[in-house]
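These notes concern the structure reproduced below.
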Amino acid sequence: MGGARMVFWDFDGTLAVREGSWPTILREAVLAADPTHAVDLDALAIGLSGGFPQWGPEGMGLHRRASDWWRAASPVLVDACLGAGVSPTIARQAMVKLPSLYYEPTAWRTLPGAREALEAVTRAGLPNVVLSNRAPELPGLVDALGFGWLVVRTITSASLGVEKPNPVMFETALRLVGAARDSWMVGDNPVADVAGARGVGMRAVLVHRADGPTSAMTLTDAAAHIVANEAEGAGASIR
């Protein structure tokens with residue numbers, strides 16, 4: 001695959017994080033639907049302890065509207081609400097409130113060095129792409145947090161119908177932006193981000209956690225590593 005070498009960045013847990021756990025977020029949605037409704041946070045946590053089986057590597061398929069995607073994603077959330085004693089009517093109303101609550105920009109915190117890392121890569125002439133296992137609303141959040149001008153495109157699993165580490169997600173993303181096969185992937189998940197990217201021939205950098213004997217890389221470290229490697233490669237090509 002030809003094209004320019006680019007840097008793909010995971011989003012949640014890599015560039016930014018949302019405050020609050022899923023049980024807390026779900027409680028926010030229930031209270032938004034009915035501020036008087038008693039919500040047992042521990043019961044919600046128990047209901048969500050099995051994770052999100054529909055959000056696995058195979059994704060949930062393509063949906064024309066964001067609301068359809070959330071509807072496909074919501075059964076486990078509704079079941080958790082019902083198990084915590086939330087009425088079916090309020091649980092359904094909470095699902096309507098959930099997308100805007102989850103992607104409310106003020107609920108997200110940009111991680112240290114995120115903007116500076118994107119800027120450093122941009123100055124080196126490498127386009128940035130966000131590639132994330134996220135819902136359809138993510139591009140708007142990327143813009144709202146001030147990353148938009150530094151990113152040529154935000155690609156979500158919702159838009160492709162598959163999730164990392166599925167190789168189809170990486171291969172499709174590379175093709176959509178015309179990126180070289182040996183482009184970079186930066187993320188905080190050793191399986192979804194790093195192993196998945198390397199599986200299709202991309203170069204990958206793990207951030208925020210140790211990689212075997214290697215200590216945890218910061219976003220600043222990752223950007224410097226990529227820029228240095230690119231400069232070394234360019235120097236070798238002209239010698």
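Letters A, B, ... mark the chains of the structure tokens in the order given; residue numbers begin at 1 per chain; ligand numbers begin at 1, in order shown.
Taking the backbone of this structure through DSSP, the residues of stretch 147-187 of chain A that come out as strand (DSSP E) are Arg153, Thr154, Ile155, Thr156, Trp184, Met185, Val186 and Gly187 of chain A.
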Output for the residues just chosen: N, CA and C atoms as a short mmCIF file (atom, residue, chain, number, x, y, z; two decimals), in the first residue's frame:
data_model
loop_
_atom_site.label_atom_id
_atom_site.label_comp_id
_atom_site.auth_asym_id
_atom_site.auth_seq_id
_atom_site.Cartn_x
_atom_site.Cartn_y
_atom_site.Cartn_z
N ARG A 153 -8.49 13.48 9.98
CA ARG A 153 -9.74 12.72 9.98
C ARG A 153 -9.87 11.95 11.28
N THR A 154 -11.11 11.80 11.74
CA THR A 154 -11.43 10.95 12.88
C THR A 154 -12.25 9.77 12.38
N ILE A 155 -11.73 8.57 12.59
CA ILE A 155 -12.39 7.35 12.11
C ILE A 155 -12.81 6.52 13.31
N THR A 156 -14.08 6.15 13.37
CA THR A 156 -14.58 5.38 14.51
C THR A 156 -15.01 3.98 14.08
N TRP A 184 2.24 4.81 11.62
CA TRP A 184 2.34 4.59 13.06
C TRP A 184 0.97 4.52 13.72
N MET A 185 0.88 3.73 14.78
CA MET A 185 -0.30 3.69 15.64
C MET A 185 0.15 3.94 17.07
N VAL A 186 -0.51 4.87 17.76
CA VAL A 186 -0.19 5.17 19.15
C VAL A 186 -1.44 4.92 19.99
N GLY A 187 -1.30 4.12 21.04
CA GLY A 187 -2.45 3.85 21.88
C GLY A 187 -2.06 3.29 23.23
#
Please identify every residue of stretch 12-50 of chain A that has at least one atom no farther than 12 Å from an atom of stretch 215-232 of chain A, counting only C-alpha atoms, and for each give the shortest atom pair and the distance in Å to one decimal, arranged by chain then increasing number, as a Markdown table.
| residue | atom | partner | partner_atom | distance |
| --- | --- | --- | --- | --- |
| A:Gly13 | CA | A:Leu219 | CA | 11.3 |
| A:Thr14 | CA | A:Leu219 | CA | 8.0 |
| A:Leu15 | CA | A:Leu219 | CA | 8.1 |
| A:Ala16 | CA | A:Leu219 | CA | 11.1 |
Exercise for the section: From the DSSP assignment of the backbone, select every residue of stretch 1-237 of chain A that is helix (DSSP H, G or I), and format the answer as a ChimeraX atom specification. Expected result: /A:22-33,41-47,53-55,66-73,75-83,88-102,105-107,114-123,138-144,148-150,157-160,167-177,190-198,219-237
Problem - Within 10 Å of stretch 87-91 of chain A using only C-alpha atoms, minus same-chain residues under 5 positions, as a list in words - result: Leu26, Ala29, Val30, Leu31, Ala32, Ala33, Asp34, His37, Leu77, Val78, Asp79, Ala80, Cys81, Leu82, Val96 and Lys97 of chain A
Exercise for the section: Can you work out which one of A:Val17, A:Ala173, A:His208, A:Arg71 has the shortest atom-to-atom distance to A:Trp108, counting only C-alpha atoms? Expected result: A:Val17
Practice task
For atom CA of A:Ala158 and atom CA of A:Ala135, quote the distance in Å rounded to one decimal.
Solution key: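 These two atoms are separated by 5.3 Å.
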Practice task
For A:Gly47, work out the shell of residues within 7 Å, counting only C-alpha atoms and skipping chain neighbours fewer than 3 positions away, then give it as a list in words.
Solution key: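 Within the cut-off, the hits are Ala43, Leu44, Ala80 and Gly83 of chain A.
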Handout entry: 9 Å contact set for A:Glu137, only C-alpha atoms, chain neighbours under 5 positions out, as a list in words
Key =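 Returned residues: Ala66, Pro99, Ser100, Tyr103 and Thr156 of chain A.
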